[in-house]
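What follows is a set of notes on a single structure, which appears directly below.
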Amino acid sequence: MATLGFGEYRPDVSSINQGHTDTVLNVLPRGDGYGPFLSHSVFTAAIAAQARGMFFARNSDGSITVFAGTSTRLYQLDNTTLTWVDVSKGGSAYTALSSSAIWTFAQFNSVVIACQANTVPQAFTLGSSSAFDDLGGSPPQAAYVAVVNRFVVLSGLQSYPRRVQWSGLNAITTWTSGVTYSDSQDLPDGGNTRGVVGGEFGVIFQDSAIRRMQFSPGADIIFQIDRLARDVGTAFPYSVVDADGVVFAHTTKGFMMIDGSGAMKPIGKERVDRTFAEAVDDTTPQLCIGAPMPGSNVILWAYRTEDYTGTGFNAVLAYDSVLDRWSPVELEGWALASLAKPGLTLENLDTINSVAITGAANNGSGLVRLTVATTAGWTTGDLKTIASVGGTTEANGNWNITVVDGTHIDLQLSTYANAYTSGGYVAGSVDALTVSFDDITTATLGQLGKIDEDGFLGYFTGAVLEATVETAEQSAVNRRTFVSGVYPLTDAVTVYGSIGRRENLQAAPTYSAEVAMNAEGRCPARVSTRFARARLRIPAGESWSFVTGVNPEFQDAGKR
């Protein structure tokens with residue numbers, strides 16, 4: 001039986017009688033077709049305002065610290081409570097970001113540097129800082145920060161937009177030209193700088209040029225700067241991604257890959273470039289965000305479409321650099337990044353799903369009465385762990401409780417003695433954990449993270465998204481075809497099939513009613529048409545790993 005495969009996603013060109021398709025959704029390329037894309041699973045509390053950039057740093061003990069920015073603030077994720085702590089300089093607001101910008105971050109040894117053009121570069125020393133402060137040495141205000149070799153490199157300078165400037169060698173607070181190799185370079189053409197990708201060498205993106213900067217110890221110059229491309233730059237500075245020494249970006253000539261030698265390869269030409277250009281809202285460059293998917297060869301680009309009415313991005317293009325194939329995904333959010341998940345220790349578990357205590361007093365009978373956020377789900381006689389109560393420290397411990405009302409409990413057999421001052425929580429139940437015990441570790445590998453439009457950071461560890469895949473359109477040219485069904489080639493148990501049909505190339509396809517795959521592994525149909533394609537839909541939450549194609553049942557129309 002002939003097989004129609006779900007071929008390469010190439011919406012820029014017609015799929016008629018070709019080996020590629022113009023319609024897939026919420027899947028990732030595989031060598032045998034496509035695989036599932038997992039949904040976003042919330043991990044933290046919500047950040048206070050719209051997230052405008054995020055980053056993770058590795059501490060010397062292997063643990064993780066996560067940072068995020070908003071228009072006017074910088075935040076650190078508390079790894080114990082999974083809430084966001086304001087770590088802005090002096091606890092005060094920064095000058096607001098430009099509407100088309102996000103915070104950029106880099107780690108140099110134990111220092112995390114955060115940049116946006118309207119304030120001095122900010123520095124946070126892991127293990128000792130409680131808030132960001134100005135990076136020493138009077139560096140210029142800059143939109144972008146990267147680490148190239150052993151230098152901190154700033155670009156998108158507020159006062160000199162065509163300049164790149166770097167710190168001293170291993171001296172990130174040295175910014176005086178000529179001292180410890182610190183210097184700057186004004187680029188003669190190509191327009192303003194739009195960011196630098198770090199590594200052993202740097203790749204400089206401008207409005208209409210791409211350059212490479214290479215440290216040249218012992219030479220008369222500090223960095224050898226060579227132009228890689230003329231009339232090729234980027235309008236989406238946050239689309240630039242470094243993945244294992246290979247740079248990916250959306251440029252003024254479409255999606256490109258730049259290898260370690262500086263050679264440029266178009267990867268979106270006649271595939272997704274035109275589709276992206278027609279859909280993207282180019283007035284929101286801050287929402288075109290590139291991110292590698294750790295543990296794979298996949299690069300993701302989130303972006304906002306012109307018809308979207310939300311506050312963030314709403315679409316993603318995924319590119320597998322080994323398979324050299326694309327796929328689209330529907331995702332909405334504010335920020336997307338490769339982001340390790342903060343580890344949890346067993347001692348931290350009681351804070352997960354805990355309920356905050358806001359007061360403690362004498363219940364009138366000498367027992368401790370606690371005021372809590374809610375008593376929902378609690379029953380008189382439950383054993384609860386009380387911790388971190390200030391002042392009324394006699395409340396801390398394990399107590400059977402009496403539920404008084406929706407916000408008060410009494411601690412049975414307790415004795416009230418000291419006035420309440422602050423804090424405290426009623427520990428959560430292990431049965432109510434929303435995180436896997438696999439996450440309880442000090443150091444974690446990178447994962448793909450997203451802050452959604454409600455402000456919650458999470459990871460793509462949930463149930464699979466609903467997937468849609470189509471074959472290329474088939475035509476017998478001057479004959480009609482009768483399609484009586486298709487056999488889906490997938491390990492999904494629940495699959496729905498339909499047939500797309502049209503009589504001419506000027507009409508849009510319409511689809512037959514969906515039919516569930518039956519016990520024979522067949523989706524029946526009765527469609528007579530000149531142009532036909534098969535569509536499969538795998539519901540959200542279904543357990544599956546591959547979808548390859550269909551075996552169709554068809555014959556020339558009019559024959560029996």
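Ligands are numbered from 1 in the order shown, chains are lettered A, B, ... in the order of the structure tokens, and residues start at 1 in each chain.
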
Within 6 Å of range 35-40 of chain A using only C-alpha atoms, minus same-chain residues under 5 positions, as JSON, numbers by chain: {"A": [26, 27, 28, 459, 460, 461, 462, 463, 464, 465, 545, 546]}

Go ahead and save the picked residues with all heavy atoms, as a short mmCIF file (atom, residue, chain, number, x, y, z; two decimals), in the first residue's frame.
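So part14.cif came out as:
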```cif
data_model
loop_
_atom_site.label_atom_id
_atom_site.label_comp_id
_atom_site.auth_asym_id
_atom_site.auth_seq_id
_atom_site.Cartn_x
_atom_site.Cartn_y
_atom_site.Cartn_z
N ASN A 26 2.19 22.42 16.23
CA ASN A 26 2.45 21.91 17.58
C ASN A 26 3.16 20.56 17.57
O ASN A 26 2.84 19.65 18.34
CB ASN A 26 1.15 21.81 18.39
CG ASN A 26 0.53 23.16 18.66
OD1 ASN A 26 1.22 24.19 18.60
ND2 ASN A 26 -0.75 23.19 18.94
N VAL A 27 4.13 20.44 16.67
CA VAL A 27 4.96 19.24 16.59
C VAL A 27 6.40 19.67 16.39
O VAL A 27 6.69 20.82 16.07
CB VAL A 27 4.51 18.34 15.41
CG1 VAL A 27 3.17 17.70 15.69
CG2 VAL A 27 4.50 19.12 14.10
N LEU A 28 7.31 18.71 16.58
CA LEU A 28 8.73 18.91 16.31
C LEU A 28 9.18 17.91 15.26
O LEU A 28 8.71 16.77 15.24
CB LEU A 28 9.56 18.73 17.59
CG LEU A 28 9.47 19.83 18.63
CD1 LEU A 28 10.22 19.43 19.90
CD2 LEU A 28 10.01 21.15 18.10
N TYR A 459 8.03 25.41 32.69
CA TYR A 459 8.87 24.65 31.76
C TYR A 459 7.97 23.74 30.94
O TYR A 459 6.84 23.43 31.33
CB TYR A 459 9.93 23.87 32.54
CG TYR A 459 10.84 24.77 33.32
CD1 TYR A 459 10.48 25.23 34.60
CD2 TYR A 459 12.05 25.20 32.80
CE1 TYR A 459 11.31 26.09 35.31
CE2 TYR A 459 12.89 26.04 33.51
CZ TYR A 459 12.51 26.48 34.77
OH TYR A 459 13.33 27.34 35.46
N PHE A 460 8.50 23.27 29.82
CA PHE A 460 7.69 22.48 28.90
C PHE A 460 7.79 21.00 29.29
O PHE A 460 8.43 20.20 28.62
CB PHE A 460 8.13 22.75 27.46
CG PHE A 460 7.80 24.16 27.04
CD1 PHE A 460 8.69 25.19 27.27
CD2 PHE A 460 6.58 24.45 26.46
CE1 PHE A 460 8.37 26.49 26.92
CE2 PHE A 460 6.25 25.75 26.11
CZ PHE A 460 7.14 26.77 26.34
N THR A 461 7.11 20.71 30.38
CA THR A 461 7.11 19.36 30.95
C THR A 461 5.70 18.82 31.13
O THR A 461 5.51 17.80 31.78
CB THR A 461 7.84 19.35 32.30
OG1 THR A 461 7.18 20.28 33.19
CG2 THR A 461 9.30 19.75 32.16
N GLY A 462 4.70 19.52 30.59
CA GLY A 462 3.32 19.11 30.78
C GLY A 462 2.86 18.10 29.75
O GLY A 462 3.67 17.45 29.07
N ALA A 463 1.56 17.96 29.63
CA ALA A 463 0.97 17.06 28.65
C ALA A 463 1.24 17.60 27.24
O ALA A 463 1.52 18.78 27.05
CB ALA A 463 -0.52 16.93 28.88
N VAL A 464 1.15 16.73 26.25
CA VAL A 464 1.44 17.16 24.89
C VAL A 464 0.34 18.10 24.40
O VAL A 464 -0.83 18.01 24.79
CB VAL A 464 1.57 15.96 23.93
CG1 VAL A 464 2.67 15.03 24.38
CG2 VAL A 464 0.25 15.21 23.79
N LEU A 465 0.74 19.03 23.52
CA LEU A 465 -0.22 19.92 22.88
C LEU A 465 -0.99 19.18 21.79
O LEU A 465 -0.54 18.17 21.26
CB LEU A 465 0.51 21.10 22.25
CG LEU A 465 1.25 22.05 23.19
CD1 LEU A 465 1.99 23.12 22.38
CD2 LEU A 465 0.30 22.71 24.18
N SER A 545 4.49 9.26 20.31
CA SER A 545 5.87 9.66 20.07
C SER A 545 6.16 9.98 18.61
O SER A 545 7.09 10.73 18.32
CB SER A 545 6.84 8.56 20.54
OG SER A 545 6.65 7.36 19.81
N PHE A 546 5.38 9.42 17.67
CA PHE A 546 5.68 9.71 16.26
C PHE A 546 4.40 9.70 15.45
O PHE A 546 3.41 9.02 15.77
CB PHE A 546 6.65 8.67 15.68
CG PHE A 546 6.05 7.30 15.46
CD1 PHE A 546 5.42 6.98 14.26
CD2 PHE A 546 6.10 6.34 16.45
CE1 PHE A 546 4.86 5.72 14.05
CE2 PHE A 546 5.54 5.08 16.26
CZ PHE A 546 4.91 4.77 15.06
#
```

With only C-alpha atoms as the counted atoms, please give the residues lying no more than 7 Å from range 153-155 of chain A, apart from itself and same-chain residues fewer than 2 positions off, as a tab-separated table (two decimals) with N, CA, C and O atoms, in the first residue's frame.
```tsv
chain	number	residue	atom	x	y	z
A	142	ALA	N	24.38	50.70	27.78
A	142	ALA	CA	24.33	49.87	26.58
A	142	ALA	C	23.09	48.98	26.61
A	142	ALA	O	22.62	48.58	27.67
A	143	ALA	N	22.59	48.66	25.42
A	143	ALA	CA	21.41	47.82	25.31
A	143	ALA	C	21.75	46.34	25.39
A	143	ALA	O	20.93	45.53	25.82
A	144	TYR	N	22.98	45.97	24.97
A	144	TYR	CA	23.32	44.55	24.84
A	144	TYR	C	24.65	44.26	25.53
A	144	TYR	O	25.58	45.08	25.52
A	145	VAL	N	24.74	43.05	26.11
A	145	VAL	CA	25.95	42.62	26.78
A	145	VAL	C	26.26	41.19	26.37
A	145	VAL	O	25.36	40.37	26.18
A	146	ALA	N	27.55	40.90	26.21
A	146	ALA	CA	27.99	39.55	25.88
A	146	ALA	C	29.38	39.36	26.46
A	146	ALA	O	30.08	40.33	26.78
A	147	VAL	N	29.80	38.11	26.59
A	147	VAL	CA	31.16	37.78	26.99
A	147	VAL	C	31.85	37.17	25.79
A	147	VAL	O	31.41	36.14	25.26
A	148	VAL	N	32.91	37.83	25.32
A	148	VAL	CA	33.70	37.34	24.19
A	148	VAL	C	35.10	37.04	24.70
A	148	VAL	O	35.77	37.93	25.24
A	151	PHE	N	36.48	38.91	27.85
A	151	PHE	CA	36.09	40.32	27.91
A	151	PHE	C	34.57	40.43	28.01
A	151	PHE	O	33.85	39.63	27.41
A	157	LEU	N	25.27	51.09	22.35
A	157	LEU	CA	25.58	52.14	23.32
A	157	LEU	C	24.65	53.33	23.14
A	157	LEU	O	24.37	53.76	22.01
A	163	ARG	N	29.12	51.84	18.02
A	163	ARG	CA	30.35	51.44	18.70
A	163	ARG	C	30.15	50.13	19.45
A	163	ARG	O	29.07	49.85	20.00
A	164	VAL	N	31.20	49.34	19.50
A	164	VAL	CA	31.29	48.24	20.46
A	164	VAL	C	32.43	48.60	21.42
A	164	VAL	O	33.45	49.15	21.02
A	165	GLN	N	32.22	48.31	22.69
A	165	GLN	CA	33.23	48.64	23.71
A	165	GLN	C	33.40	47.45	24.62
A	165	GLN	O	32.43	46.76	24.95
A	166	TRP	N	34.67	47.19	25.01
A	166	TRP	CA	34.93	46.02	25.83
A	166	TRP	C	35.74	46.38	27.07
A	166	TRP	O	36.48	47.36	27.11
A	167	SER	N	35.60	45.54	28.09
A	167	SER	CA	36.29	45.72	29.37
A	167	SER	C	37.75	45.31	29.24
A	167	SER	O	38.21	44.86	28.19
A	193	THR	N	24.72	49.17	15.98
A	193	THR	CA	24.93	47.80	16.46
A	193	THR	C	23.63	47.29	17.07
A	193	THR	O	22.90	48.01	17.75
A	195	GLY	N	23.65	44.14	18.77
A	195	GLY	CA	24.00	43.05	19.65
A	195	GLY	C	25.23	42.31	19.20
A	195	GLY	O	25.62	42.36	18.03
A	196	VAL	N	25.85	41.62	20.16
A	196	VAL	CA	27.03	40.81	19.92
A	196	VAL	C	26.77	39.43	20.51
A	196	VAL	O	26.30	39.31	21.64
```

Residue with smallest distance to Asn118 in chain A - pool A:Ser71, A:Pro140, A:Glu8, A:Thr95, counting only C-alpha atoms: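 Under the stated criterion, the closest residue is A:Thr95.
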
Backbone DSSP call of strand (DSSP E) for range 244-301 of chain A, listed as a ChimeraX atom specification: /A:246-251,254-258,264-266,289-293,298-301

Would you write out those residues with N, CA, C and O atoms, as a compact mmCIF listing (two decimals), in the first residue's frame?
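Output contents, as saved in part.txt:
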```txt
# COMPACT_ATOMS: atom_id res chain seq x y z
N VAL A 246 27.54 27.82 17.13
CA VAL A 246 26.92 28.17 15.85
C VAL A 246 25.87 29.24 16.13
O VAL A 246 25.09 29.13 17.08
N VAL A 247 25.86 30.28 15.30
CA VAL A 247 24.96 31.41 15.52
C VAL A 247 23.78 31.30 14.57
O VAL A 247 23.94 31.04 13.37
N PHE A 248 22.58 31.50 15.11
CA PHE A 248 21.35 31.51 14.34
C PHE A 248 20.67 32.85 14.55
O PHE A 248 20.68 33.39 15.66
N ALA A 249 20.04 33.39 13.51
CA ALA A 249 19.37 34.68 13.65
C ALA A 249 18.40 34.89 12.51
O ALA A 249 18.54 34.32 11.42
N HIS A 250 17.42 35.75 12.76
CA HIS A 250 16.62 36.26 11.65
C HIS A 250 17.29 37.54 11.18
O HIS A 250 17.50 38.47 11.94
N THR A 251 17.66 37.57 9.91
CA THR A 251 18.36 38.71 9.33
C THR A 251 17.46 39.41 8.32
O THR A 251 16.33 38.98 8.05
N GLY A 254 16.30 36.97 5.80
CA GLY A 254 15.66 35.76 6.29
C GLY A 254 16.48 35.07 7.37
O GLY A 254 17.48 35.60 7.87
N PHE A 255 16.06 33.88 7.74
CA PHE A 255 16.74 33.13 8.79
C PHE A 255 18.08 32.61 8.27
O PHE A 255 18.17 32.07 7.17
N MET A 256 19.13 32.81 9.08
CA MET A 256 20.49 32.44 8.69
C MET A 256 21.16 31.64 9.80
O MET A 256 20.83 31.78 10.99
N MET A 257 22.14 30.83 9.40
CA MET A 257 23.03 30.12 10.31
C MET A 257 24.45 30.53 9.97
O MET A 257 24.83 30.57 8.80
N ILE A 258 25.25 30.86 11.01
CA ILE A 258 26.65 31.26 10.82
C ILE A 258 27.51 30.29 11.60
O ILE A 258 27.40 30.20 12.83
N MET A 264 28.05 31.80 6.14
CA MET A 264 26.63 32.02 6.37
C MET A 264 25.80 31.12 5.47
O MET A 264 26.08 30.98 4.28
N LYS A 265 24.77 30.51 6.03
CA LYS A 265 23.89 29.62 5.29
C LYS A 265 22.45 30.04 5.50
O LYS A 265 21.98 30.10 6.63
N PRO A 266 21.70 30.33 4.41
CA PRO A 266 20.27 30.62 4.59
C PRO A 266 19.52 29.34 4.92
O PRO A 266 19.68 28.32 4.25
N ILE A 289 12.00 36.57 19.83
CA ILE A 289 13.00 36.08 20.77
C ILE A 289 13.47 34.71 20.35
O ILE A 289 12.67 33.78 20.17
N GLY A 290 14.77 34.56 20.19
CA GLY A 290 15.35 33.27 19.88
C GLY A 290 15.83 32.55 21.12
O GLY A 290 16.32 33.18 22.06
N ALA A 291 15.71 31.23 21.14
CA ALA A 291 16.17 30.44 22.28
C ALA A 291 16.47 29.02 21.83
O ALA A 291 15.69 28.43 21.09
N PRO A 292 17.61 28.47 22.26
CA PRO A 292 17.87 27.05 21.97
C PRO A 292 17.08 26.16 22.92
O PRO A 292 16.82 26.53 24.07
N MET A 293 16.68 25.01 22.44
CA MET A 293 16.01 24.03 23.28
C MET A 293 17.06 23.06 23.80
O MET A 293 17.58 22.24 23.02
N VAL A 298 17.38 21.85 18.45
CA VAL A 298 16.26 22.69 18.02
C VAL A 298 16.47 24.13 18.52
O VAL A 298 16.80 24.37 19.68
N ILE A 299 16.25 25.08 17.59
CA ILE A 299 16.23 26.50 17.91
C ILE A 299 14.80 26.98 17.76
O ILE A 299 14.12 26.63 16.79
N LEU A 300 14.33 27.77 18.71
CA LEU A 300 12.98 28.31 18.67
C LEU A 300 13.03 29.82 18.48
O LEU A 300 13.87 30.49 19.08
N TRP A 301 12.12 30.33 17.66
CA TRP A 301 11.93 31.78 17.55
C TRP A 301 10.47 32.10 17.86
O TRP A 301 9.57 31.72 17.12
```

Gln50 in chain A environment, 12 Å, only C-alpha atoms, sequence neighbours closer than 6 positions dropped, as a list in words: Ala68, Gly69, Thr70, Ser71, Thr72, Arg73, Leu74, Tyr75, Leu97, Ser99, Ile102, Leu287, Gly310, Thr311, Gly312, Phe313, Gly333, Trp334, Ala335, Ile451, Asp452, Glu453, Asp454, Gly455, Phe456 and Leu457 of chain A

Take the residues just selected and output them with N, CA, C and O atoms as an mmCIF file, in the first residue's frame.
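Below is the file again_15.cif, written as the result:
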```
data_model
loop_
_atom_site.group_PDB
_atom_site.id
_atom_site.type_symbol
_atom_site.label_atom_id
_atom_site.label_comp_id
_atom_site.auth_asym_id
_atom_site.auth_seq_id
_atom_site.Cartn_x
_atom_site.Cartn_y
_atom_site.Cartn_z
ATOM 1 N N ALA A 68 14.978 37.868 36.197
ATOM 2 C CA ALA A 68 14.078 38.368 35.161
ATOM 3 C C ALA A 68 13.960 39.878 35.327
ATOM 4 O O ALA A 68 14.163 40.421 36.422
ATOM 5 N N GLY A 69 13.646 40.538 34.236
ATOM 6 C CA GLY A 69 13.457 41.976 34.273
ATOM 7 C C GLY A 69 12.060 42.359 33.837
ATOM 8 O O GLY A 69 11.399 41.630 33.093
ATOM 9 N N THR A 70 11.603 43.508 34.336
ATOM 10 C CA THR A 70 10.392 44.137 33.831
ATOM 11 C C THR A 70 10.813 45.486 33.262
ATOM 12 O O THR A 70 12.000 45.785 33.174
ATOM 13 N N SER A 71 9.881 46.292 32.895
ATOM 14 C CA SER A 71 10.236 47.574 32.299
ATOM 15 C C SER A 71 11.105 48.413 33.219
ATOM 16 O O SER A 71 12.019 49.103 32.761
ATOM 17 N N THR A 72 10.881 48.320 34.541
ATOM 18 C CA THR A 72 11.579 49.207 35.472
ATOM 19 C C THR A 72 12.253 48.490 36.633
ATOM 20 O O THR A 72 12.822 49.144 37.510
ATOM 21 N N ARG A 73 12.225 47.152 36.666
ATOM 22 C CA ARG A 73 12.740 46.428 37.831
ATOM 23 C C ARG A 73 13.524 45.190 37.394
ATOM 24 O O ARG A 73 13.332 44.657 36.304
ATOM 25 N N LEU A 74 14.378 44.715 38.306
ATOM 26 C CA LEU A 74 15.053 43.435 38.165
ATOM 27 C C LEU A 74 14.651 42.535 39.328
ATOM 28 O O LEU A 74 14.544 43.007 40.472
ATOM 29 N N TYR A 75 14.435 41.266 39.037
ATOM 30 C CA TYR A 75 13.954 40.315 40.037
ATOM 31 C C TYR A 75 14.829 39.067 40.057
ATOM 32 O O TYR A 75 15.371 38.650 39.036
ATOM 33 N N LEU A 97 12.504 50.809 30.258
ATOM 34 C CA LEU A 97 13.004 50.299 29.000
ATOM 35 C C LEU A 97 12.326 51.000 27.824
ATOM 36 O O LEU A 97 11.163 51.422 27.915
ATOM 37 N N SER A 99 10.220 50.863 24.501
ATOM 38 C CA SER A 99 9.105 49.959 24.212
ATOM 39 C C SER A 99 9.517 48.798 23.318
ATOM 40 O O SER A 99 8.835 47.770 23.282
ATOM 41 N N ILE A 102 14.283 44.707 25.581
ATOM 42 C CA ILE A 102 14.216 43.881 26.776
ATOM 43 C C ILE A 102 15.581 43.948 27.470
ATOM 44 O O ILE A 102 16.562 44.418 26.887
ATOM 45 N N LEU A 287 9.629 41.206 20.963
ATOM 46 C CA LEU A 287 8.902 39.952 21.135
ATOM 47 C C LEU A 287 9.325 38.895 20.131
ATOM 48 O O LEU A 287 8.766 37.793 20.120
ATOM 49 N N GLY A 310 -3.130 40.058 22.328
ATOM 50 C CA GLY A 310 -2.568 39.903 23.670
ATOM 51 C C GLY A 310 -1.404 40.841 23.898
ATOM 52 O O GLY A 310 -1.115 41.744 23.094
ATOM 53 N N THR A 311 -0.681 40.624 24.993
ATOM 54 C CA THR A 311 0.412 41.525 25.378
ATOM 55 C C THR A 311 1.788 40.977 25.057
ATOM 56 O O THR A 311 2.780 41.683 25.219
ATOM 57 N N GLY A 312 1.875 39.716 24.612
ATOM 58 C CA GLY A 312 3.178 39.114 24.356
ATOM 59 C C GLY A 312 3.263 38.514 22.961
ATOM 60 O O GLY A 312 2.616 38.977 22.024
ATOM 61 N N PHE A 313 4.057 37.461 22.843
ATOM 62 C CA PHE A 313 4.144 36.743 21.575
ATOM 63 C C PHE A 313 3.075 35.660 21.536
ATOM 64 O O PHE A 313 2.525 35.266 22.565
ATOM 65 N N GLY A 333 3.199 34.082 25.382
ATOM 66 C CA GLY A 333 3.992 34.396 26.565
ATOM 67 C C GLY A 333 4.691 35.725 26.458
ATOM 68 O O GLY A 333 4.584 36.455 25.467
ATOM 69 N N TRP A 334 5.437 36.023 27.514
ATOM 70 C CA TRP A 334 6.203 37.266 27.596
ATOM 71 C C TRP A 334 7.695 37.040 27.372
ATOM 72 O O TRP A 334 8.382 37.904 26.853
ATOM 73 N N ALA A 335 8.198 35.905 27.806
ATOM 74 C CA ALA A 335 9.638 35.665 27.728
ATOM 75 C C ALA A 335 9.873 34.187 27.448
ATOM 76 O O ALA A 335 9.131 33.324 27.923
ATOM 77 N N ILE A 451 7.903 32.515 30.528
ATOM 78 C CA ILE A 451 7.011 33.261 31.410
ATOM 79 C C ILE A 451 5.766 33.578 30.597
ATOM 80 O O ILE A 451 5.846 34.225 29.548
ATOM 81 N N ASP A 452 4.621 33.093 31.062
ATOM 82 C CA ASP A 452 3.395 33.254 30.291
ATOM 83 C C ASP A 452 2.787 34.638 30.515
ATOM 84 O O ASP A 452 3.343 35.469 31.245
ATOM 85 N N GLU A 453 1.665 34.893 29.886
ATOM 86 C CA GLU A 453 1.069 36.227 29.949
ATOM 87 C C GLU A 453 0.356 36.494 31.269
ATOM 88 O O GLU A 453 -0.187 37.587 31.456
ATOM 89 N N ASP A 454 0.358 35.530 32.165
ATOM 90 C CA ASP A 454 -0.089 35.768 33.541
ATOM 91 C C ASP A 454 1.091 35.960 34.481
ATOM 92 O O ASP A 454 0.902 36.131 35.689
ATOM 93 N N GLY A 455 2.314 35.906 33.944
ATOM 94 C CA GLY A 455 3.497 36.160 34.745
ATOM 95 C C GLY A 455 4.130 34.947 35.383
ATOM 96 O O GLY A 455 5.086 35.079 36.146
ATOM 97 N N PHE A 456 3.636 33.743 35.094
ATOM 98 C CA PHE A 456 4.151 32.533 35.729
ATOM 99 C C PHE A 456 5.276 31.923 34.893
ATOM 100 O O PHE A 456 5.096 31.661 33.699
ATOM 101 N N LEU A 457 6.412 31.681 35.518
ATOM 102 C CA LEU A 457 7.492 30.949 34.880
ATOM 103 C C LEU A 457 7.208 29.461 34.971
ATOM 104 O O LEU A 457 6.824 28.949 36.019
#
```

Selection near range 358-373 of chain A, 8 Å with only C-alpha atoms, sequence-local residues under 2 positions removed, as a PyMOL selection string: chain A and resi 355-356+375+392+395+407-416+419-424

Selection near range 11-23 of chain A, 9 Å with only C-alpha atoms, sequence-local residues under 4 positions removed, as a list in words: Leu4, Gly5, Phe6, Gly7, Lys269, Glu270, Arg271, Val272, Asp273, Arg274, Thr275, Ser327, Pro328, Thr468, Val469, Glu470, Thr471, Ala472, Glu473, Gln474, Ser475, Phe531 and Arg535 of chain A

DSSP alpha helix (DSSP H) residues within range 100-342 of chain A, listed as an MDAnalysis selection string: chainID A and resid 273:279

Got time to write the residues from that selection, C-alpha atoms, as a compact mmCIF listing (two decimals), in the first residue's frame?
```txt
# COMPACT_ATOMS: atom_id res chain seq x y z
CA ASP A 273 10.96 33.24 5.28
CA ARG A 274 8.00 34.64 3.33
CA THR A 275 5.45 33.14 5.73
CA PHE A 276 7.25 34.70 8.70
CA ALA A 277 7.61 38.08 6.99
CA GLU A 278 3.89 38.20 6.17
CA ALA A 279 2.81 37.25 9.68
```

Residues within 9 Å of range 508-511 of chain A, only C-alpha atoms, excluding chain neighbours under 5 positions, as a PyMOL selection string: chain A and resi 498-503+531-533+535

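If you measure from each of A:Asp226, A:Asp61, A:Glu394, A:Asp556 to Ala476 in chain A using only C-alpha atoms, the closest one turns out to be A:Asp556.
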
Interatomic distance (Å, one decimal) between CA of Asp320 in chain A and CA of Ala235 in chain A: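 Calculated distance between CA of Asp320 in chain A and CA of Ala235 in chain A is 22.9 Å.
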
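Each of A:Ile222, A:Ala534, A:Val203, A:Ala540 was checked against Val24 in chain A using only C-alpha atoms; the smallest atom-to-atom distance is that of A:Ala534.
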